[in-house]
Amino acid sequence: MNSNQSPKNILIAPLNWGLGHATRCIPIIRALQENNYIPIIASDGIALDLLRKEFPYIKALALPSYQIEYAKNGKHFKWKLLKSLPKMIRAIVREKKMVQQWIVDHDIDAIISDNRLGVISKKVPSVFITHQLNVMTGNTTWLTSKMHQYIINKFNSCWIPDFEGTPNLAGELSHCKRKKLNLKYIGPLSRMHKKEVTIAYDLMIILSGPEPQRTLLEERLKTELDTYSQNVIFIRGIIEKEQKKKQLGKITYYNYMNSKQLEQAFNESALVLCRSGYTTIMDLAQLEKKAFFIPTPGQYEQLYLAEKLQKEGIAPFSLQEEFKISDLNRTVNYKTITSQKTSINWKELFELFE
């Protein structure tokens, strides 16, 4: 931005759906600061808690929760989501009104929304971030994709954290034939950096995602680890007031880690067991790590990504209800996750805000 102007305030608002949307906004927030913008964070729940811990000196505002509820049985996920739809719509309407008022109250000059549908305004430039141009919902994918693309088209620009050509990380999720959308493929977003360090853990387990599926997977993994004799670091993905560490035999448990600690733990681990969420995949590609995936039951997107990476010989996966610790032996026949190394041209992206 022009050095003679006072810094502009940019509202950045990730969806609270697990931690992926919040964590992939971290490099954007840092880039805004480095380019003399003032980021203002807005979200709800654990996503807001995480960003407050990561950036304690940045103004943080609370948005209404979408109240997305997960079913215990993944087969019922779609119907549970449909049942939650009226609550989600009310929250979107409320957040849209709040944002219009915040533009005045907090002197907001532009908006970056990571999948928050109501964080948009005609008064200021508004950017939408998503890796899902196509929203996979089984036999209703055509409808949910069309609806999502309609919403995306209301924004001034849509930033896609993937490569436009091939190879790419998200496949059909991040690519569509519709030409009228104002898309910018910015390359993968990751807060991680690869380091040459000594391997301290044979296995890193990192949990994330909405309840009750996070807890159900944690319980299954703890049972399976009874027969596992190697060193494990187990990050439970629970954002609490204080960090907690517990050692049980060869397993080191943490409730959560900040970005620097997590980066170190990733680098010190030979193998990573995790959900096949897109943000995690971007981090693993940046770190060039071997991985084993367990998609969240009922999340078609995660199942698609896990199947894609297994088919490409990059990483195997298992369904949650079928996972056995011995399945990790399958990773011997797979490569590490990698992607093209590119640097994001932040100045060019931020020109929209000038």
# chains A, B, ... in the order shown; residues from 1 in each chain; ligands from 1

$ residues_around --residues "His21 (chain A)" --least-positions-apart "5" --cutoff "9 Å" --atoms "only C-alpha atoms" --output "PyMOL selection string"
chain A and resi 14-16+47+114-115+279

$ write_last_selection --atoms "N, CA and C atoms" --output "PDB file, in the first residue's frame"
ATOM      1  N   PRO A  14     -12.728 -16.231   9.521  1.00  0.00           N
ATOM      2  CA  PRO A  14     -12.827 -17.646   9.137  1.00  0.00           C
ATOM      3  C   PRO A  14     -14.041 -18.338   9.754  1.00  0.00           C
ATOM      4  N   LEU A  15     -14.561 -19.315   9.041  1.00  0.00           N
ATOM      5  CA  LEU A  15     -15.648 -20.150   9.533  1.00  0.00           C
ATOM      6  C   LEU A  15     -15.149 -20.993  10.706  1.00  0.00           C
ATOM      7  N   ASN A  16     -16.005 -21.177  11.712  1.00  0.00           N
ATOM      8  CA  ASN A  16     -15.678 -22.050  12.839  1.00  0.00           C
ATOM      9  C   ASN A  16     -16.206 -23.456  12.532  1.00  0.00           C
ATOM     10  N   ALA A  47     -12.446 -21.528  16.805  1.00  0.00           N
ATOM     11  CA  ALA A  47     -11.686 -20.817  15.766  1.00  0.00           C
ATOM     12  C   ALA A  47     -11.244 -19.450  16.290  1.00  0.00           C
ATOM     13  N   ASP A 114     -13.353 -16.273   5.043  1.00  0.00           N
ATOM     14  CA  ASP A 114     -13.041 -17.672   4.742  1.00  0.00           C
ATOM     15  C   ASP A 114     -14.288 -18.498   5.020  1.00  0.00           C
ATOM     16  N   ASN A 115     -15.118 -18.628   3.987  1.00  0.00           N
ATOM     17  CA  ASN A 115     -16.329 -19.458   4.027  1.00  0.00           C
ATOM     18  C   ASN A 115     -17.413 -18.969   4.985  1.00  0.00           C
ATOM     19  N   THR A 279      -6.775 -28.121   4.900  1.00  0.00           N
ATOM     20  CA  THR A 279      -5.722 -27.310   5.527  1.00  0.00           C
ATOM     21  C   THR A 279      -4.580 -28.197   6.015  1.00  0.00           C
TER      22      THR A 279
END

$ residues_around --residues "region 182-188 of chain A" --least-positions-apart "4" --cutoff "10 Å" --atoms "only C-alpha atoms" --output "PyMOL selection string"
chain A and resi 24+128-129+131+133+152-165+168-170+174-175+278-279+281-283+285-286+339-346+349

$ write_last_selection --atoms "N, CA, C and O atoms" --output "short mmCIF file (atom, residue, chain, number, x, y, z; two decimals), in the first residue's frame"
data_model
loop_
_atom_site.label_atom_id
_atom_site.label_comp_id
_atom_site.auth_asym_id
_atom_site.auth_seq_id
_atom_site.Cartn_x
_atom_site.Cartn_y
_atom_site.Cartn_z
N ARG A 24 -5.54 -21.65 8.44
CA ARG A 24 -5.04 -21.23 7.13
C ARG A 24 -5.15 -19.72 6.95
O ARG A 24 -4.59 -19.16 6.00
N PHE A 128 -13.64 -13.67 -0.86
CA PHE A 128 -14.08 -14.96 -0.32
C PHE A 128 -12.94 -15.96 -0.51
O PHE A 128 -12.35 -16.02 -1.59
N ILE A 129 -12.62 -16.73 0.52
CA ILE A 129 -11.59 -17.77 0.43
C ILE A 129 -12.27 -19.14 0.51
O ILE A 129 -13.05 -19.39 1.44
N HIS A 131 -11.62 -23.55 -0.93
CA HIS A 131 -11.02 -24.54 -1.83
C HIS A 131 -12.14 -25.40 -2.42
O HIS A 131 -11.87 -26.37 -3.12
N LEU A 133 -15.05 -24.98 -4.78
CA LEU A 133 -15.98 -24.46 -5.79
C LEU A 133 -17.09 -25.47 -5.98
O LEU A 133 -18.24 -25.11 -6.24
N ILE A 152 -20.46 -17.20 -4.04
CA ILE A 152 -19.10 -16.75 -4.36
C ILE A 152 -19.14 -15.57 -5.33
O ILE A 152 -18.36 -14.62 -5.20
N ASN A 153 -20.06 -15.63 -6.26
CA ASN A 153 -20.14 -14.61 -7.31
C ASN A 153 -20.55 -13.23 -6.77
O ASN A 153 -20.40 -12.22 -7.45
N LYS A 154 -21.05 -13.18 -5.54
CA LYS A 154 -21.43 -11.92 -4.92
C LYS A 154 -20.21 -11.14 -4.39
O LYS A 154 -20.30 -9.95 -4.12
N PHE A 155 -19.09 -11.83 -4.25
CA PHE A 155 -17.87 -11.22 -3.74
C PHE A 155 -17.07 -10.60 -4.89
O PHE A 155 -17.20 -11.01 -6.04
N ASN A 156 -16.22 -9.64 -4.56
CA ASN A 156 -15.39 -9.00 -5.58
C ASN A 156 -14.35 -9.96 -6.15
O ASN A 156 -13.97 -9.86 -7.32
N SER A 157 -13.88 -10.88 -5.30
CA SER A 157 -12.87 -11.84 -5.75
C SER A 157 -12.95 -13.09 -4.88
O SER A 157 -13.37 -13.03 -3.72
N CYS A 158 -12.57 -14.23 -5.46
CA CYS A 158 -12.51 -15.48 -4.72
C CYS A 158 -11.08 -16.03 -4.80
O CYS A 158 -10.58 -16.29 -5.89
N TRP A 159 -10.43 -16.13 -3.63
CA TRP A 159 -9.07 -16.66 -3.57
C TRP A 159 -9.13 -18.16 -3.29
O TRP A 159 -9.74 -18.61 -2.30
N ILE A 160 -8.48 -18.93 -4.16
CA ILE A 160 -8.47 -20.39 -4.01
C ILE A 160 -7.06 -20.85 -3.63
O ILE A 160 -6.12 -20.66 -4.42
N PRO A 161 -6.89 -21.44 -2.45
CA PRO A 161 -5.56 -21.87 -2.02
C PRO A 161 -5.14 -23.19 -2.66
O PRO A 161 -5.01 -24.23 -1.99
N ASP A 162 -4.93 -23.15 -3.96
CA ASP A 162 -4.52 -24.33 -4.71
C ASP A 162 -3.91 -23.84 -6.03
O ASP A 162 -3.89 -22.65 -6.33
N PHE A 163 -3.43 -24.79 -6.84
CA PHE A 163 -2.88 -24.46 -8.15
C PHE A 163 -3.97 -24.57 -9.21
O PHE A 163 -4.81 -25.47 -9.14
N GLU A 164 -3.93 -23.67 -10.18
CA GLU A 164 -4.96 -23.66 -11.23
C GLU A 164 -4.82 -24.86 -12.16
O GLU A 164 -5.80 -25.45 -12.59
N GLY A 165 -3.57 -25.21 -12.47
CA GLY A 165 -3.34 -26.34 -13.37
C GLY A 165 -3.10 -27.64 -12.62
O GLY A 165 -3.47 -27.79 -11.46
N ASN A 168 -2.36 -30.59 -8.76
CA ASN A 168 -2.90 -29.72 -7.71
C ASN A 168 -3.29 -30.58 -6.52
O ASN A 168 -3.23 -31.81 -6.59
N LEU A 169 -3.69 -29.94 -5.43
CA LEU A 169 -3.98 -30.68 -4.20
C LEU A 169 -5.45 -31.05 -4.02
O LEU A 169 -5.76 -32.10 -3.48
N ALA A 170 -6.37 -30.19 -4.47
CA ALA A 170 -7.79 -30.40 -4.16
C ALA A 170 -8.60 -31.00 -5.31
O ALA A 170 -9.78 -31.33 -5.12
N SER A 174 -11.60 -27.83 -6.13
CA SER A 174 -11.18 -26.45 -6.36
C SER A 174 -11.20 -26.02 -7.83
O SER A 174 -10.72 -24.95 -8.17
N HIS A 175 -11.77 -26.86 -8.68
CA HIS A 175 -11.81 -26.54 -10.11
C HIS A 175 -13.20 -26.77 -10.67
O HIS A 175 -13.83 -27.79 -10.38
N TYR A 278 -8.48 -30.27 4.23
CA TYR A 278 -7.64 -29.66 3.22
C TYR A 278 -6.51 -28.82 3.81
O TYR A 278 -5.39 -28.83 3.29
N THR A 279 -6.78 -28.12 4.90
CA THR A 279 -5.72 -27.31 5.53
C THR A 279 -4.58 -28.20 6.02
O THR A 279 -3.40 -27.87 5.85
N ILE A 281 -3.76 -31.08 4.78
CA ILE A 281 -3.06 -31.56 3.58
C ILE A 281 -2.08 -30.50 3.07
O ILE A 281 -0.95 -30.82 2.68
N MET A 282 -2.49 -29.23 3.09
CA MET A 282 -1.59 -28.15 2.66
C MET A 282 -0.37 -28.07 3.57
O MET A 282 0.77 -27.89 3.10
N ASP A 283 -0.58 -28.23 4.89
CA ASP A 283 0.55 -28.21 5.83
C ASP A 283 1.50 -29.39 5.59
O ASP A 283 2.72 -29.22 5.58
N ALA A 285 1.96 -31.04 2.83
CA ALA A 285 2.67 -30.84 1.56
C ALA A 285 3.83 -29.87 1.74
O ALA A 285 4.91 -30.07 1.18
N GLN A 286 3.61 -28.82 2.53
CA GLN A 286 4.66 -27.85 2.81
C GLN A 286 5.83 -28.50 3.55
O GLN A 286 7.00 -28.20 3.30
N SER A 339 4.16 -30.61 -2.89
CA SER A 339 3.51 -29.77 -3.89
C SER A 339 4.55 -28.82 -4.46
O SER A 339 5.66 -28.71 -3.94
N GLN A 340 4.19 -28.13 -5.53
CA GLN A 340 5.10 -27.15 -6.11
C GLN A 340 5.41 -26.07 -5.07
O GLN A 340 4.53 -25.67 -4.31
N LYS A 341 6.64 -25.63 -5.04
CA LYS A 341 7.03 -24.58 -4.10
C LYS A 341 6.89 -23.22 -4.78
O LYS A 341 7.64 -22.90 -5.70
N THR A 342 5.91 -22.47 -4.37
CA THR A 342 5.70 -21.14 -4.93
C THR A 342 5.51 -20.14 -3.80
O THR A 342 5.14 -20.51 -2.69
N SER A 343 5.78 -18.89 -4.08
CA SER A 343 5.55 -17.84 -3.08
C SER A 343 4.35 -17.02 -3.52
O SER A 343 4.21 -16.69 -4.70
N ILE A 344 3.48 -16.70 -2.57
CA ILE A 344 2.27 -15.93 -2.87
C ILE A 344 2.63 -14.46 -3.04
O ILE A 344 3.34 -13.88 -2.23
N ASN A 345 2.12 -13.87 -4.11
CA ASN A 345 2.35 -12.45 -4.37
C ASN A 345 1.30 -11.63 -3.61
O ASN A 345 0.26 -11.27 -4.14
N TRP A 346 1.60 -11.37 -2.34
CA TRP A 346 0.62 -10.70 -1.48
C TRP A 346 0.33 -9.28 -1.95
O TRP A 346 -0.82 -8.83 -1.90
N LEU A 349 -2.22 -9.37 -4.61
CA LEU A 349 -3.54 -9.74 -4.09
C LEU A 349 -4.18 -8.57 -3.34
O LEU A 349 -5.38 -8.33 -3.46
#

$ residues_around --residues "Gly45 (chain A)" --least-positions-apart "2" --cutoff "12 Å" --atoms "only C-alpha atoms" --output "ChimeraX atom specification"
/A:14-19,22,42-43,47-52,61-68,210,238-240

$ closest_residue --among "A:Pro27, A:Gly20, A:Gly118, A:Gly313" --to "Leu189 (chain A)" --atoms "only C-alpha atoms"
A:Pro27

$ atom_distance --atom1 "CA of Val104 (chain A)" --atom2 "CA of His148 (chain A)"
28.1 Å

$ select_by_dssp --residues "region 130-259 of chain A" --states "strand (DSSP E or B)" --output "PyMOL selection string"
chain A and resi 157-160+183-185+201+203-206+232-235+245-248+251-254

$ write_last_selection --atoms "N, CA and C atoms" --output "JSON list (two decimals), in the first residue's frame"
[["chain", "number", "residue", "atom", "x", "y", "z"],
["A", 157, "SER", "N", -13.88, -10.88, -5.30],
["A", 157, "SER", "CA", -12.87, -11.84, -5.75],
["A", 157, "SER", "C", -12.95, -13.09, -4.88],
["A", 158, "CYS", "N", -12.57, -14.23, -5.46],
["A", 158, "CYS", "CA", -12.51, -15.48, -4.72],
["A", 158, "CYS", "C", -11.08, -16.03, -4.80],
["A", 159, "TRP", "N", -10.43, -16.13, -3.63],
["A", 159, "TRP", "CA", -9.07, -16.66, -3.57],
["A", 159, "TRP", "C", -9.13, -18.16, -3.29],
["A", 160, "ILE", "N", -8.48, -18.93, -4.16],
["A", 160, "ILE", "CA", -8.47, -20.39, -4.01],
["A", 160, "ILE", "C", -7.06, -20.85, -3.63],
["A", 183, "LEU", "N", -12.15, -15.69, -10.09],
["A", 183, "LEU", "CA", -11.28, -16.58, -9.31],
["A", 183, "LEU", "C", -9.81, -16.18, -9.40],
["A", 184, "LYS", "N", -9.12, -16.34, -8.28],
["A", 184, "LYS", "CA", -7.66, -16.19, -8.25],
["A", 184, "LYS", "C", -7.07, -17.40, -7.53],
["A", 185, "TYR", "N", -6.31, -18.21, -8.27],
["A", 185, "TYR", "CA", -5.62, -19.34, -7.65],
["A", 185, "TYR", "C", -4.33, -18.81, -7.04],
["A", 201, "TYR", "N", 9.77, -38.52, 17.25],
["A", 201, "TYR", "CA", 8.55, -39.32, 17.40],
["A", 201, "TYR", "C", 8.34, -40.19, 16.16],
["A", 203, "LEU", "N", 5.41, -41.48, 15.55],
["A", 203, "LEU", "CA", 4.06, -41.17, 15.10],
["A", 203, "LEU", "C", 3.56, -39.90, 15.77],
["A", 204, "MET", "N", 2.99, -39.02, 14.95],
["A", 204, "MET", "CA", 2.30, -37.83, 15.46],
["A", 204, "MET", "C", 0.82, -37.99, 15.14],
["A", 205, "ILE", "N", -0.02, -37.84, 16.16],
["A", 205, "ILE", "CA", -1.47, -37.86, 15.96],
["A", 205, "ILE", "C", -1.98, -36.46, 16.24],
["A", 206, "ILE", "N", -2.71, -35.89, 15.30],
["A", 206, "ILE", "CA", -3.29, -34.57, 15.51],
["A", 206, "ILE", "C", -4.77, -34.64, 15.16],
["A", 232, "VAL", "N", 5.11, -41.69, 20.55],
["A", 232, "VAL", "CA", 3.96, -41.01, 19.95],
["A", 232, "VAL", "C", 3.78, -39.63, 20.59],
["A", 233, "ILE", "N", 3.48, -38.63, 19.77],
["A", 233, "ILE", "CA", 3.02, -37.34, 20.27],
["A", 233, "ILE", "C", 1.57, -37.19, 19.81],
["A", 234, "PHE", "N", 0.69, -36.94, 20.76],
["A", 234, "PHE", "CA", -0.76, -36.98, 20.53],
["A", 234, "PHE", "C", -1.33, -35.61, 20.87],
["A", 235, "ILE", "N", -1.72, -34.84, 19.83],
["A", 235, "ILE", "CA", -2.30, -33.51, 20.04],
["A", 235, "ILE", "C", -3.80, -33.63, 19.86],
["A", 245, "LYS", "N", 0.09, -30.87, 29.31],
["A", 245, "LYS", "CA", 0.94, -31.94, 28.78],
["A", 245, "LYS", "C", 0.89, -33.12, 29.74],
["A", 246, "LYS", "N", 0.76, -34.33, 29.19],
["A", 246, "LYS", "CA", 0.72, -35.53, 30.03],
["A", 246, "LYS", "C", 1.51, -36.64, 29.35],
["A", 247, "GLN", "N", 2.31, -37.34, 30.13],
["A", 247, "GLN", "CA", 3.12, -38.45, 29.60],
["A", 247, "GLN", "C", 2.57, -39.77, 30.12],
["A", 248, "LEU", "N", 2.17, -40.65, 29.21],
["A", 248, "LEU", "CA", 1.72, -41.99, 29.58],
["A", 248, "LEU", "C", 2.54, -43.01, 28.80],
["A", 251, "ILE", "N", 3.72, -42.31, 25.13],
["A", 251, "ILE", "CA", 2.80, -41.36, 24.48],
["A", 251, "ILE", "C", 2.81, -40.03, 25.22],
["A", 252, "THR", "N", 3.10, -38.94, 24.50],
["A", 252, "THR", "CA", 3.06, -37.59, 25.07],
["A", 252, "THR", "C", 1.80, -36.90, 24.58],
["A", 253, "TYR", "N", 0.91, -36.54, 25.51],
["A", 253, "TYR", "CA", -0.36, -35.91, 25.16],
["A", 253, "TYR", "C", -0.30, -34.39, 25.37],
["A", 254, "TYR", "N", -0.85, -33.65, 24.41],
["A", 254, "TYR", "CA", -1.07, -32.21, 24.55],
["A", 254, "TYR", "C", -2.53, -31.93, 24.23]]

$ residues_around --residues "Ala270 (chain A)" --least-positions-apart "6" --cutoff "12 Å" --atoms "only C-alpha atoms" --output "PyMOL selection string"
chain A and resi 197-205+230-233+284+287-292+328+331-332+336

$ write_last_selection --atoms "C-alpha atoms" --output "PDB file, in the first residue's frame"
ATOM      1  CA  VAL A 197      15.716 -31.685  12.700  1.00  0.00           C
ATOM      2  CA  THR A 198      16.262 -35.011  14.456  1.00  0.00           C
ATOM      3  CA  ILE A 199      13.201 -37.278  14.435  1.00  0.00           C
ATOM      4  CA  ALA A 200      11.907 -37.594  18.014  1.00  0.00           C
ATOM      5  CA  TYR A 201       8.552 -39.316  17.395  1.00  0.00           C
ATOM      6  CA  ASP A 202       7.670 -42.341  15.292  1.00  0.00           C
ATOM      7  CA  LEU A 203       4.056 -41.171  15.102  1.00  0.00           C
ATOM      8  CA  MET A 204       2.296 -37.835  15.465  1.00  0.00           C
ATOM      9  CA  ILE A 205      -1.469 -37.860  15.962  1.00  0.00           C
ATOM     10  CA  GLN A 230       6.855 -46.680  19.573  1.00  0.00           C
ATOM     11  CA  ASN A 231       7.146 -43.004  20.546  1.00  0.00           C
ATOM     12  CA  VAL A 232       3.955 -41.009  19.950  1.00  0.00           C
ATOM     13  CA  ILE A 233       3.023 -37.340  20.272  1.00  0.00           C
ATOM     14  CA  LEU A 284       1.759 -31.766   5.149  1.00  0.00           C
ATOM     15  CA  LEU A 287       6.510 -30.082   5.288  1.00  0.00           C
ATOM     16  CA  GLU A 288       6.855 -33.037   2.841  1.00  0.00           C
ATOM     17  CA  LYS A 289       5.557 -35.517   5.412  1.00  0.00           C
ATOM     18  CA  LYS A 290       4.317 -39.075   5.219  1.00  0.00           C
ATOM     19  CA  ALA A 291       0.720 -39.352   6.388  1.00  0.00           C
ATOM     20  CA  PHE A 292      -2.168 -41.696   7.109  1.00  0.00           C
ATOM     21  CA  LEU A 328      -0.095 -47.730   9.569  1.00  0.00           C
ATOM     22  CA  THR A 331       2.427 -46.215   4.576  1.00  0.00           C
ATOM     23  CA  VAL A 332       5.655 -48.023   3.600  1.00  0.00           C
ATOM     24  CA  THR A 336       5.414 -38.206   1.065  1.00  0.00           C
TER      25      THR A 336
END

$ atom_distance --atom1 "CA of Pro297 (chain A)" --atom2 "CA of Glu321 (chain A)"
8.8 Å

$ closest_residue --among "A:Asn329, A:Thr144, A:Ser6, A:Ser276" --to "Gln132 (chain A)" --atoms "only C-alpha atoms"
A:Thr144

$ select_by_dssp --residues "region 45-287 of chain A" --states "alpha helix (DSSP H)" --output "JSON, numbers by chain"
{"A": [45, 46, 47, 48, 49, 50, 51, 52, 53, 54, 77, 78, 79, 80, 81, 82, 83, 84, 85, 86, 87, 88, 89, 90, 91, 92, 93, 94, 95, 96, 97, 98, 99, 100, 101, 102, 103, 104, 105, 141, 142, 143, 144, 145, 146, 147, 148, 149, 150, 151, 152, 213, 214, 215, 216, 217, 218, 219, 220, 221, 222, 223, 224, 259, 260, 261, 262, 263, 264, 265, 266, 267, 278, 279, 280, 281, 282, 283, 284, 285, 286, 287]}

$ residues_around --residues "Pro295 (chain A)" --least-positions-apart "4" --cutoff "9 Å" --atoms "only C-alpha atoms" --output "ChimeraX atom specification"
/A:274-277,299-306,317-320

$ atom_distance --atom1 "CA of Ile28 (chain A)" --atom2 "CA of Lys244 (chain A)"
28.1 Å

$ residues_around --residues "Tyr57 (chain A)" --least-positions-apart "6" --cutoff "12 Å" --atoms "only C-alpha atoms" --output "list in words"
Ile38, Pro39, Ile40, Ile41 and Leu51 of chain A
